[in-house]
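*Asks:* What follows is structure-v3.txt, made up of compact mmCIF, N, CA and C atoms:
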```txt
# COMPACT_ATOMS: atom_id res chain seq x y z
N MET A 1 127.03 110.71 71.06
CA MET A 1 127.66 110.43 69.79
C MET A 1 129.13 110.06 70.06
N THR A 2 129.59 109.00 69.43
CA THR A 2 130.99 108.60 69.57
C THR A 2 131.73 108.87 68.28
N PHE A 3 132.98 109.20 68.42
CA PHE A 3 133.82 109.48 67.27
C PHE A 3 134.90 108.41 67.16
N SER A 4 135.23 108.04 65.94
CA SER A 4 136.34 107.11 65.72
C SER A 4 137.65 107.86 65.90
N THR A 5 138.65 107.15 66.36
CA THR A 5 140.00 107.71 66.47
C THR A 5 140.93 106.86 65.63
N LEU A 6 142.18 107.24 65.55
CA LEU A 6 143.15 106.44 64.80
C LEU A 6 143.30 105.05 65.39
N ASP A 7 143.04 104.90 66.67
CA ASP A 7 143.11 103.59 67.30
C ASP A 7 142.01 102.65 66.81
N ASP A 8 140.93 103.20 66.25
CA ASP A 8 139.78 102.41 65.80
C ASP A 8 139.88 101.99 64.33
N VAL A 9 140.91 102.44 63.64
CA VAL A 9 141.00 102.22 62.20
C VAL A 9 142.25 101.42 61.85
N ASN A 10 142.10 100.44 60.98
CA ASN A 10 143.25 99.68 60.48
C ASN A 10 143.78 100.40 59.25
N THR A 11 144.95 101.02 59.36
CA THR A 11 145.51 101.78 58.24
C THR A 11 146.64 101.04 57.53
N THR A 12 146.92 99.81 57.92
CA THR A 12 148.01 99.04 57.31
C THR A 12 147.82 98.94 55.81
N GLY A 13 148.84 99.40 55.06
CA GLY A 13 148.81 99.31 53.62
C GLY A 13 147.86 100.28 52.93
N LYS A 14 147.27 101.20 53.68
CA LYS A 14 146.33 102.16 53.10
C LYS A 14 146.96 103.53 53.03
N ARG A 15 146.39 104.36 52.18
CA ARG A 15 146.82 105.75 52.09
C ARG A 15 146.01 106.58 53.08
N ALA A 16 146.70 107.42 53.81
CA ALA A 16 146.03 108.30 54.77
C ALA A 16 146.26 109.74 54.31
N LEU A 17 145.20 110.39 53.90
CA LEU A 17 145.25 111.78 53.47
C LEU A 17 145.02 112.65 54.69
N VAL A 18 146.04 113.43 55.07
CA VAL A 18 145.98 114.22 56.30
C VAL A 18 146.11 115.69 55.95
N ARG A 19 145.10 116.45 56.34
CA ARG A 19 145.16 117.91 56.16
C ARG A 19 145.90 118.47 57.36
N VAL A 20 147.02 119.15 57.10
CA VAL A 20 147.83 119.71 58.17
C VAL A 20 147.85 121.23 58.07
N ASP A 21 147.92 121.88 59.21
CA ASP A 21 147.98 123.33 59.26
C ASP A 21 149.44 123.75 59.39
N PHE A 22 150.07 124.00 58.27
CA PHE A 22 151.46 124.44 58.26
C PHE A 22 151.56 125.94 57.97
N ASN A 23 150.51 126.67 58.22
CA ASN A 23 150.50 128.11 58.03
C ASN A 23 151.22 128.74 59.24
N VAL A 24 152.53 128.69 59.20
CA VAL A 24 153.36 129.10 60.34
C VAL A 24 153.89 130.52 60.16
N PRO A 25 154.21 131.20 61.25
CA PRO A 25 154.79 132.54 61.14
C PRO A 25 156.20 132.48 60.57
N MET A 26 156.50 133.43 59.71
CA MET A 26 157.81 133.50 59.06
C MET A 26 158.46 134.84 59.39
N HIS A 27 159.79 134.83 59.44
CA HIS A 27 160.56 136.06 59.63
C HIS A 27 161.80 135.97 58.76
N GLU A 28 161.91 136.88 57.79
CA GLU A 28 163.05 136.91 56.87
C GLU A 28 163.29 135.56 56.19
N GLY A 29 162.19 134.94 55.74
CA GLY A 29 162.28 133.69 55.00
C GLY A 29 162.50 132.44 55.83
N GLN A 30 162.46 132.57 57.16
CA GLN A 30 162.67 131.44 58.07
C GLN A 30 161.42 131.26 58.94
N VAL A 31 161.14 130.02 59.30
CA VAL A 31 160.04 129.75 60.21
C VAL A 31 160.42 130.29 61.59
N SER A 32 159.60 131.16 62.14
CA SER A 32 159.93 131.75 63.44
C SER A 32 159.29 130.99 64.60
N ASP A 33 158.29 130.17 64.32
CA ASP A 33 157.66 129.35 65.36
C ASP A 33 157.18 128.05 64.71
N ASP A 34 157.81 126.93 65.07
CA ASP A 34 157.49 125.64 64.44
C ASP A 34 156.47 124.82 65.22
N THR A 35 155.71 125.45 66.10
CA THR A 35 154.75 124.74 66.94
C THR A 35 153.77 123.91 66.11
N ARG A 36 153.23 124.47 65.05
CA ARG A 36 152.26 123.74 64.22
C ARG A 36 152.91 122.55 63.51
N LEU A 37 154.16 122.71 63.11
CA LEU A 37 154.87 121.61 62.46
C LEU A 37 155.07 120.47 63.45
N ARG A 38 155.54 120.80 64.65
CA ARG A 38 155.78 119.78 65.67
C ARG A 38 154.49 119.13 66.14
N ALA A 39 153.39 119.89 66.14
CA ALA A 39 152.10 119.35 66.59
C ALA A 39 151.58 118.27 65.65
N ALA A 40 151.94 118.31 64.39
CA ALA A 40 151.47 117.33 63.41
C ALA A 40 152.24 116.01 63.48
N VAL A 41 153.44 116.03 64.02
CA VAL A 41 154.32 114.85 64.02
C VAL A 41 153.71 113.63 64.71
N PRO A 42 153.10 113.74 65.89
CA PRO A 42 152.55 112.53 66.52
C PRO A 42 151.50 111.81 65.66
N THR A 43 150.62 112.56 65.02
CA THR A 43 149.61 111.95 64.16
C THR A 43 150.26 111.28 62.96
N ILE A 44 151.19 111.96 62.33
CA ILE A 44 151.89 111.42 61.17
C ILE A 44 152.65 110.15 61.57
N GLU A 45 153.35 110.21 62.69
CA GLU A 45 154.11 109.05 63.16
C GLU A 45 153.20 107.88 63.51
N LYS A 46 152.06 108.15 64.12
CA LYS A 46 151.13 107.08 64.48
C LYS A 46 150.64 106.36 63.22
N LEU A 47 150.26 107.13 62.21
CA LEU A 47 149.81 106.54 60.95
C LEU A 47 150.93 105.76 60.28
N ARG A 48 152.10 106.36 60.23
CA ARG A 48 153.24 105.73 59.58
C ARG A 48 153.61 104.42 60.28
N SER A 49 153.65 104.44 61.60
CA SER A 49 154.04 103.24 62.33
C SER A 49 152.98 102.14 62.22
N ALA A 50 151.74 102.52 61.89
CA ALA A 50 150.68 101.54 61.69
C ALA A 50 150.68 101.00 60.25
N GLY A 51 151.63 101.46 59.44
CA GLY A 51 151.76 100.94 58.08
C GLY A 51 151.05 101.74 57.01
N ALA A 52 150.58 102.94 57.33
CA ALA A 52 149.90 103.77 56.35
C ALA A 52 150.91 104.53 55.48
N LYS A 53 150.50 104.80 54.26
CA LYS A 53 151.25 105.70 53.38
C LYS A 53 150.63 107.07 53.60
N VAL A 54 151.36 107.93 54.25
CA VAL A 54 150.83 109.23 54.68
C VAL A 54 151.02 110.27 53.59
N ILE A 55 149.93 110.93 53.23
CA ILE A 55 149.96 112.02 52.26
C ILE A 55 149.49 113.26 53.01
N LEU A 56 150.32 114.28 53.01
CA LEU A 56 149.98 115.51 53.72
C LEU A 56 149.48 116.56 52.74
N LEU A 57 148.41 117.23 53.11
CA LEU A 57 147.89 118.36 52.35
C LEU A 57 148.08 119.61 53.20
N ALA A 58 148.74 120.58 52.63
CA ALA A 58 149.00 121.82 53.35
C ALA A 58 148.91 123.00 52.40
N HIS A 59 148.77 124.16 52.96
CA HIS A 59 148.84 125.38 52.18
C HIS A 59 149.49 126.46 53.03
N PHE A 60 149.93 127.50 52.37
CA PHE A 60 150.53 128.62 53.06
C PHE A 60 149.92 129.89 52.48
N ASP A 61 149.08 130.54 53.26
CA ASP A 61 148.38 131.75 52.86
C ASP A 61 147.28 131.44 51.84
N ARG A 62 146.81 132.43 51.10
CA ARG A 62 145.69 132.27 50.18
C ARG A 62 146.04 132.85 48.80
N PRO A 63 146.47 132.01 47.85
CA PRO A 63 146.91 132.51 46.54
C PRO A 63 145.79 132.81 45.55
N LYS A 64 144.55 132.52 45.88
CA LYS A 64 143.39 132.80 45.02
C LYS A 64 143.50 132.14 43.65
N GLY A 65 143.89 130.85 43.63
CA GLY A 65 143.88 130.07 42.41
C GLY A 65 145.03 130.27 41.44
N ARG A 66 146.07 130.95 41.85
CA ARG A 66 147.22 131.13 40.94
C ARG A 66 148.51 130.86 41.71
N TRP A 67 149.58 130.56 40.97
CA TRP A 67 150.87 130.27 41.59
C TRP A 67 151.49 131.58 42.08
N VAL A 68 151.81 131.63 43.37
CA VAL A 68 152.47 132.79 43.97
C VAL A 68 153.68 132.26 44.71
N GLU A 69 154.85 132.53 44.19
CA GLU A 69 156.10 131.99 44.75
C GLU A 69 156.25 132.28 46.23
N ALA A 70 155.84 133.47 46.65
CA ALA A 70 155.97 133.85 48.06
C ALA A 70 155.11 132.99 48.99
N MET A 71 154.12 132.29 48.42
CA MET A 71 153.24 131.45 49.22
C MET A 71 153.59 129.96 49.11
N SER A 72 154.75 129.66 48.58
CA SER A 72 155.21 128.28 48.45
C SER A 72 155.55 127.70 49.82
N LEU A 73 155.43 126.39 49.95
CA LEU A 73 155.83 125.71 51.18
C LEU A 73 157.34 125.46 51.23
N ALA A 74 158.05 125.76 50.17
CA ALA A 74 159.49 125.49 50.11
C ALA A 74 160.26 126.07 51.31
N PRO A 75 160.01 127.31 51.74
CA PRO A 75 160.75 127.83 52.90
C PRO A 75 160.44 127.09 54.20
N ILE A 76 159.34 126.37 54.24
CA ILE A 76 158.96 125.63 55.44
C ILE A 76 159.66 124.28 55.51
N ALA A 77 160.10 123.76 54.37
CA ALA A 77 160.69 122.42 54.29
C ALA A 77 161.85 122.19 55.28
N PRO A 78 162.82 123.12 55.43
CA PRO A 78 163.90 122.86 56.40
C PRO A 78 163.40 122.71 57.84
N ALA A 79 162.45 123.55 58.25
CA ALA A 79 161.92 123.44 59.61
C ALA A 79 161.09 122.17 59.77
N LEU A 80 160.41 121.79 58.71
CA LEU A 80 159.63 120.57 58.73
C LEU A 80 160.54 119.35 58.85
N ALA A 81 161.63 119.34 58.10
CA ALA A 81 162.60 118.25 58.18
C ALA A 81 163.20 118.18 59.59
N LYS A 82 163.46 119.32 60.18
CA LYS A 82 164.02 119.35 61.54
C LYS A 82 163.01 118.79 62.56
N ALA A 83 161.74 119.16 62.41
CA ALA A 83 160.70 118.67 63.32
C ALA A 83 160.52 117.16 63.19
N TRP A 84 160.69 116.63 61.97
CA TRP A 84 160.53 115.19 61.71
C TRP A 84 161.82 114.42 61.92
N VAL A 85 162.93 115.12 62.00
CA VAL A 85 164.27 114.55 62.11
C VAL A 85 164.63 113.74 60.86
N THR A 86 163.85 113.88 59.81
CA THR A 86 164.11 113.18 58.55
C THR A 86 163.90 114.18 57.42
N PRO A 87 164.87 114.32 56.50
CA PRO A 87 164.66 115.23 55.38
C PRO A 87 163.41 114.85 54.58
N SER A 88 162.68 115.84 54.13
CA SER A 88 161.47 115.59 53.37
C SER A 88 161.47 116.44 52.11
N PRO A 89 161.58 115.80 50.92
CA PRO A 89 161.55 116.57 49.69
C PRO A 89 160.17 117.19 49.49
N LEU A 90 160.11 118.32 48.82
CA LEU A 90 158.85 119.02 48.61
C LEU A 90 158.52 119.00 47.12
N PRO A 91 157.46 118.29 46.71
CA PRO A 91 157.10 118.29 45.30
C PRO A 91 156.52 119.64 44.90
N GLN A 92 156.62 119.98 43.64
CA GLN A 92 156.11 121.25 43.15
C GLN A 92 154.69 121.15 42.61
N THR A 93 154.10 119.96 42.62
CA THR A 93 152.75 119.79 42.11
C THR A 93 151.84 119.27 43.20
N ALA A 94 150.56 119.35 42.95
CA ALA A 94 149.58 118.89 43.94
C ALA A 94 149.52 117.38 44.00
N SER A 95 150.03 116.69 42.98
CA SER A 95 150.01 115.22 43.04
C SER A 95 151.42 114.73 43.28
N ALA A 96 151.60 113.94 44.31
CA ALA A 96 152.92 113.42 44.66
C ALA A 96 152.83 111.91 44.84
N ARG A 97 153.91 111.20 44.53
CA ARG A 97 153.95 109.76 44.77
C ARG A 97 153.85 109.52 46.26
N THR A 98 153.19 108.45 46.62
CA THR A 98 153.09 108.12 48.04
C THR A 98 154.11 107.06 48.38
N ARG A 99 154.68 107.15 49.52
CA ARG A 99 155.64 106.17 50.01
C ARG A 99 155.52 106.15 51.53
N PRO A 100 155.97 105.08 52.17
CA PRO A 100 155.76 104.97 53.62
C PRO A 100 156.31 106.15 54.42
N TRP A 101 157.51 106.62 54.13
CA TRP A 101 158.08 107.74 54.89
C TRP A 101 159.43 108.10 54.32
N PRO A 102 159.83 109.31 54.25
CA PRO A 102 159.06 110.49 54.61
C PRO A 102 158.05 110.84 53.52
N SER A 103 157.00 111.48 53.90
CA SER A 103 155.97 111.87 52.96
C SER A 103 155.98 113.39 52.82
N PRO A 104 156.31 113.89 51.65
CA PRO A 104 156.31 115.34 51.49
C PRO A 104 154.90 115.89 51.46
N PRO A 105 154.71 117.12 51.93
CA PRO A 105 153.37 117.71 51.81
C PRO A 105 153.07 118.03 50.36
N CYS A 106 151.84 117.85 49.96
CA CYS A 106 151.41 118.24 48.61
C CYS A 106 151.30 119.75 48.62
N SER A 107 152.21 120.38 47.95
CA SER A 107 152.30 121.84 47.99
C SER A 107 151.26 122.52 47.12
N ARG A 108 150.65 123.51 47.68
CA ARG A 108 149.83 124.45 46.95
C ARG A 108 148.61 123.87 46.28
N GLY A 109 147.85 123.09 46.99
CA GLY A 109 146.59 122.62 46.45
C GLY A 109 145.69 123.77 46.03
N ARG A 110 145.85 124.91 46.68
CA ARG A 110 145.03 126.07 46.34
C ARG A 110 145.50 126.79 45.07
N PHE A 111 146.67 126.41 44.55
CA PHE A 111 147.13 127.03 43.30
C PHE A 111 146.38 126.48 42.10
N TYR A 112 145.73 125.35 42.28
CA TYR A 112 145.09 124.67 41.15
C TYR A 112 143.59 124.85 41.24
N SER A 113 143.02 125.42 40.18
CA SER A 113 141.56 125.64 40.20
C SER A 113 140.87 124.72 39.24
```
Would you mind writing the structure in this file as structure tokens?

*Replies:*
Amino acid sequence: MTFSTLDDVNTTGKRALVRVDFNVPMHEGQVSDDTRLRAAVPTIEKLRSAGAKVILLAHFDRPKGRWVEAMSLAPIAPALAKAWVTPSPLPQTASARTRPWPSPPCSRGRFYS
């Protein structure tokens, strides 16, 4: 069985919905290990450089269908911006406008049932 890779797909002018694992360890409101954030950058950059509008889907912990401020991605945004070297605004809703770059993660898809 063969699998397609990003090299096999023409993403120019298309939206790329990417599920990212940004469930990172935190200490006193700061990201203590940004490995998962940095690991996502090559895929995001590859899509972006190929002309895709990248939409990131992420979550932080498990809110069980309700808004829980402590589980917001907002505290992750500064570390994410540092990993991308480009500031990335964080929308407060699950639906965000798409644009070539930077693409903010759609925060809290699990808050909406």

*Asks:* What are the nearest atom pairs, with distances in Å to one decimal, for all residues of stretch 40-66 of chain A that come at most 8 Å from stretch 2-24 of chain A, using only N, CA and C atoms, set out by chain and rising residue number as JSON lines?

*Replies:*
```
{"residue": "A:Ala40", "atom": "CA", "partner": "A:Val20", "partner_atom": "CA", "distance": 6.8}
{"residue": "A:Lys46", "atom": "C", "partner": "A:Leu6", "partner_atom": "CA", "distance": 7.7}
{"residue": "A:Leu47", "atom": "C", "partner": "A:Thr11", "partner_atom": "C", "distance": 6.9}
{"residue": "A:Ser49", "atom": "C", "partner": "A:Thr12", "partner_atom": "CA", "distance": 7.6}
{"residue": "A:Ala50", "atom": "C", "partner": "A:Thr12", "partner_atom": "CA", "distance": 4.4}
{"residue": "A:Gly51", "atom": "C", "partner": "A:Gly13", "partner_atom": "N", "distance": 3.8}
{"residue": "A:Ala52", "atom": "N", "partner": "A:Thr11", "partner_atom": "C", "distance": 4.4}
{"residue": "A:Lys53", "atom": "C", "partner": "A:Ala16", "partner_atom": "N", "distance": 4.0}
{"residue": "A:Val54", "atom": "CA", "partner": "A:Ala16", "partner_atom": "N", "distance": 4.6}
{"residue": "A:Ile55", "atom": "N", "partner": "A:Ala16", "partner_atom": "C", "distance": 4.0}
{"residue": "A:Leu56", "atom": "CA", "partner": "A:Val18", "partner_atom": "C", "distance": 4.5}
{"residue": "A:Leu57", "atom": "N", "partner": "A:Val18", "partner_atom": "C", "distance": 4.0}
{"residue": "A:Ala58", "atom": "CA", "partner": "A:Val20", "partner_atom": "C", "distance": 4.9}
{"residue": "A:His59", "atom": "C", "partner": "A:Asn23", "partner_atom": "N", "distance": 5.3}
{"residue": "A:Phe60", "atom": "CA", "partner": "A:Asn23", "partner_atom": "CA", "distance": 5.0}
{"residue": "A:Asp61", "atom": "N", "partner": "A:Asn23", "partner_atom": "CA", "distance": 5.5}
```

*Asks:* Please compute the atom CA of A:Ala79-atom C of A:Ile44 distance, one decimal, in Å.

*Replies:*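 Between atom CA of A:Ala79 and atom C of A:Ile44 the gap works out to 16.3 Å.
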
*Asks:* Excluding A:Gly29 and residues on its chain fewer than 5 positions from it, collect all residues at most 12 Å away from it, counting only C-alpha atoms, and give them as an mmCIF file with N, CA and C atoms, in the frame of the given file.

*Replies:*
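Result saved to result.cif:
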```
data_model
loop_
_atom_site.group_PDB
_atom_site.id
_atom_site.type_symbol
_atom_site.label_atom_id
_atom_site.label_comp_id
_atom_site.auth_asym_id
_atom_site.auth_seq_id
_atom_site.Cartn_x
_atom_site.Cartn_y
_atom_site.Cartn_z
ATOM 1 N N VAL A 24 152.530 128.690 59.200
ATOM 2 C CA VAL A 24 153.360 129.100 60.340
ATOM 3 C C VAL A 24 153.890 130.520 60.160
ATOM 4 N N ALA A 70 155.840 133.470 46.650
ATOM 5 C CA ALA A 70 155.970 133.850 48.060
ATOM 6 C C ALA A 70 155.110 132.990 48.990
ATOM 7 N N MET A 71 154.120 132.290 48.420
ATOM 8 C CA MET A 71 153.240 131.450 49.220
ATOM 9 C C MET A 71 153.590 129.960 49.110
ATOM 10 N N SER A 72 154.750 129.660 48.580
ATOM 11 C CA SER A 72 155.210 128.280 48.450
ATOM 12 C C SER A 72 155.550 127.700 49.820
ATOM 13 N N LEU A 73 155.430 126.390 49.950
ATOM 14 C CA LEU A 73 155.830 125.710 51.180
ATOM 15 C C LEU A 73 157.340 125.460 51.230
ATOM 16 N N ALA A 74 158.050 125.760 50.170
ATOM 17 C CA ALA A 74 159.490 125.490 50.110
ATOM 18 C C ALA A 74 160.260 126.070 51.310
ATOM 19 N N PRO A 75 160.010 127.310 51.740
ATOM 20 C CA PRO A 75 160.750 127.830 52.900
ATOM 21 C C PRO A 75 160.440 127.090 54.200
ATOM 22 N N ILE A 76 159.340 126.370 54.240
ATOM 23 C CA ILE A 76 158.960 125.630 55.440
ATOM 24 C C ILE A 76 159.660 124.280 55.510
ATOM 25 N N ALA A 77 160.100 123.760 54.370
ATOM 26 C CA ALA A 77 160.690 122.420 54.290
ATOM 27 C C ALA A 77 161.850 122.190 55.280
ATOM 28 N N PRO A 78 162.820 123.120 55.430
ATOM 29 C CA PRO A 78 163.900 122.860 56.400
ATOM 30 C C PRO A 78 163.400 122.710 57.840
ATOM 31 N N ALA A 79 162.450 123.550 58.250
ATOM 32 C CA ALA A 79 161.920 123.440 59.610
ATOM 33 C C ALA A 79 161.090 122.170 59.770
#
```

*Asks:* So the first atom is atom CA of A:Arg38 and the second is atom CA of A:Trp67; what is the distance between them in Å, to one decimal place?

*Replies:* 26.7 Å

*Asks:* Stretch 32-90 of chain A: which residues are strand (DSSP E) by DSSP, as a PyMOL selection string?

*Replies:* chain A and resi 53-57

*Asks:* Output N, CA and C atoms for every residue in the selection just made, as a compact mmCIF listing (two decimals), in the frame of the given file.

*Replies:*
```txt
# COMPACT_ATOMS: atom_id res chain seq x y z
N LYS A 53 150.50 104.80 54.26
CA LYS A 53 151.25 105.70 53.38
C LYS A 53 150.63 107.07 53.60
N VAL A 54 151.36 107.93 54.25
CA VAL A 54 150.83 109.23 54.68
C VAL A 54 151.02 110.27 53.59
N ILE A 55 149.93 110.93 53.23
CA ILE A 55 149.96 112.02 52.26
C ILE A 55 149.49 113.26 53.01
N LEU A 56 150.32 114.28 53.01
CA LEU A 56 149.98 115.51 53.72
C LEU A 56 149.48 116.56 52.74
N LEU A 57 148.41 117.23 53.11
CA LEU A 57 147.89 118.36 52.35
C LEU A 57 148.08 119.61 53.20
```

*Asks:* Run DSSP on the backbone and give me the residues of stretch 16-87 of chain A it puts in helix (DSSP H, G or I), as an mmCIF file with N, CA and C atoms, in the coordinates of the input.

*Replies:*
```
data_model
loop_
_atom_site.group_PDB
_atom_site.id
_atom_site.type_symbol
_atom_site.label_atom_id
_atom_site.label_comp_id
_atom_site.auth_asym_id
_atom_site.auth_seq_id
_atom_site.Cartn_x
_atom_site.Cartn_y
_atom_site.Cartn_z
ATOM 1 N N THR A 35 155.710 125.450 66.100
ATOM 2 C CA THR A 35 154.750 124.740 66.940
ATOM 3 C C THR A 35 153.770 123.910 66.110
ATOM 4 N N ARG A 36 153.230 124.470 65.050
ATOM 5 C CA ARG A 36 152.260 123.740 64.220
ATOM 6 C C ARG A 36 152.910 122.550 63.510
ATOM 7 N N LEU A 37 154.160 122.710 63.110
ATOM 8 C CA LEU A 37 154.870 121.610 62.460
ATOM 9 C C LEU A 37 155.070 120.470 63.450
ATOM 10 N N ARG A 38 155.540 120.800 64.650
ATOM 11 C CA ARG A 38 155.780 119.780 65.670
ATOM 12 C C ARG A 38 154.490 119.130 66.140
ATOM 13 N N ALA A 39 153.390 119.890 66.140
ATOM 14 C CA ALA A 39 152.100 119.350 66.590
ATOM 15 C C ALA A 39 151.580 118.270 65.650
ATOM 16 N N ALA A 40 151.940 118.310 64.390
ATOM 17 C CA ALA A 40 151.470 117.330 63.410
ATOM 18 C C ALA A 40 152.240 116.010 63.480
ATOM 19 N N VAL A 41 153.440 116.030 64.020
ATOM 20 C CA VAL A 41 154.320 114.850 64.020
ATOM 21 C C VAL A 41 153.710 113.630 64.710
ATOM 22 N N PRO A 42 153.100 113.740 65.890
ATOM 23 C CA PRO A 42 152.550 112.530 66.520
ATOM 24 C C PRO A 42 151.500 111.810 65.660
ATOM 25 N N THR A 43 150.620 112.560 65.020
ATOM 26 C CA THR A 43 149.610 111.950 64.160
ATOM 27 C C THR A 43 150.260 111.280 62.960
ATOM 28 N N ILE A 44 151.190 111.960 62.330
ATOM 29 C CA ILE A 44 151.890 111.420 61.170
ATOM 30 C C ILE A 44 152.650 110.150 61.570
ATOM 31 N N GLU A 45 153.350 110.210 62.690
ATOM 32 C CA GLU A 45 154.110 109.050 63.160
ATOM 33 C C GLU A 45 153.200 107.880 63.510
ATOM 34 N N LYS A 46 152.060 108.150 64.120
ATOM 35 C CA LYS A 46 151.130 107.080 64.480
ATOM 36 C C LYS A 46 150.640 106.360 63.220
ATOM 37 N N LEU A 47 150.260 107.130 62.210
ATOM 38 C CA LEU A 47 149.810 106.540 60.950
ATOM 39 C C LEU A 47 150.930 105.760 60.280
ATOM 40 N N ARG A 48 152.100 106.360 60.230
ATOM 41 C CA ARG A 48 153.240 105.730 59.580
ATOM 42 C C ARG A 48 153.610 104.420 60.280
ATOM 43 N N SER A 49 153.650 104.440 61.600
ATOM 44 C CA SER A 49 154.040 103.240 62.330
ATOM 45 C C SER A 49 152.980 102.140 62.220
ATOM 46 N N GLU A 69 154.850 132.530 44.190
ATOM 47 C CA GLU A 69 156.100 131.990 44.750
ATOM 48 C C GLU A 69 156.250 132.280 46.230
ATOM 49 N N ALA A 70 155.840 133.470 46.650
ATOM 50 C CA ALA A 70 155.970 133.850 48.060
ATOM 51 C C ALA A 70 155.110 132.990 48.990
ATOM 52 N N MET A 71 154.120 132.290 48.420
ATOM 53 C CA MET A 71 153.240 131.450 49.220
ATOM 54 C C MET A 71 153.590 129.960 49.110
ATOM 55 N N ALA A 74 158.050 125.760 50.170
ATOM 56 C CA ALA A 74 159.490 125.490 50.110
ATOM 57 C C ALA A 74 160.260 126.070 51.310
ATOM 58 N N PRO A 75 160.010 127.310 51.740
ATOM 59 C CA PRO A 75 160.750 127.830 52.900
ATOM 60 C C PRO A 75 160.440 127.090 54.200
ATOM 61 N N ILE A 76 159.340 126.370 54.240
ATOM 62 C CA ILE A 76 158.960 125.630 55.440
ATOM 63 C C ILE A 76 159.660 124.280 55.510
ATOM 64 N N ALA A 77 160.100 123.760 54.370
ATOM 65 C CA ALA A 77 160.690 122.420 54.290
ATOM 66 C C ALA A 77 161.850 122.190 55.280
ATOM 67 N N PRO A 78 162.820 123.120 55.430
ATOM 68 C CA PRO A 78 163.900 122.860 56.400
ATOM 69 C C PRO A 78 163.400 122.710 57.840
ATOM 70 N N ALA A 79 162.450 123.550 58.250
ATOM 71 C CA ALA A 79 161.920 123.440 59.610
ATOM 72 C C ALA A 79 161.090 122.170 59.770
ATOM 73 N N LEU A 80 160.410 121.790 58.710
ATOM 74 C CA LEU A 80 159.630 120.570 58.730
ATOM 75 C C LEU A 80 160.540 119.350 58.850
ATOM 76 N N ALA A 81 161.630 119.340 58.100
ATOM 77 C CA ALA A 81 162.600 118.250 58.180
ATOM 78 C C ALA A 81 163.200 118.180 59.590
ATOM 79 N N LYS A 82 163.460 119.320 60.180
ATOM 80 C CA LYS A 82 164.020 119.350 61.540
ATOM 81 C C LYS A 82 163.010 118.790 62.560
ATOM 82 N N ALA A 83 161.740 119.160 62.410
ATOM 83 C CA ALA A 83 160.700 118.670 63.320
ATOM 84 C C ALA A 83 160.520 117.160 63.190
ATOM 85 N N TRP A 84 160.690 116.630 61.970
ATOM 86 C CA TRP A 84 160.530 115.190 61.710
ATOM 87 C C TRP A 84 161.820 114.420 61.920
#
```
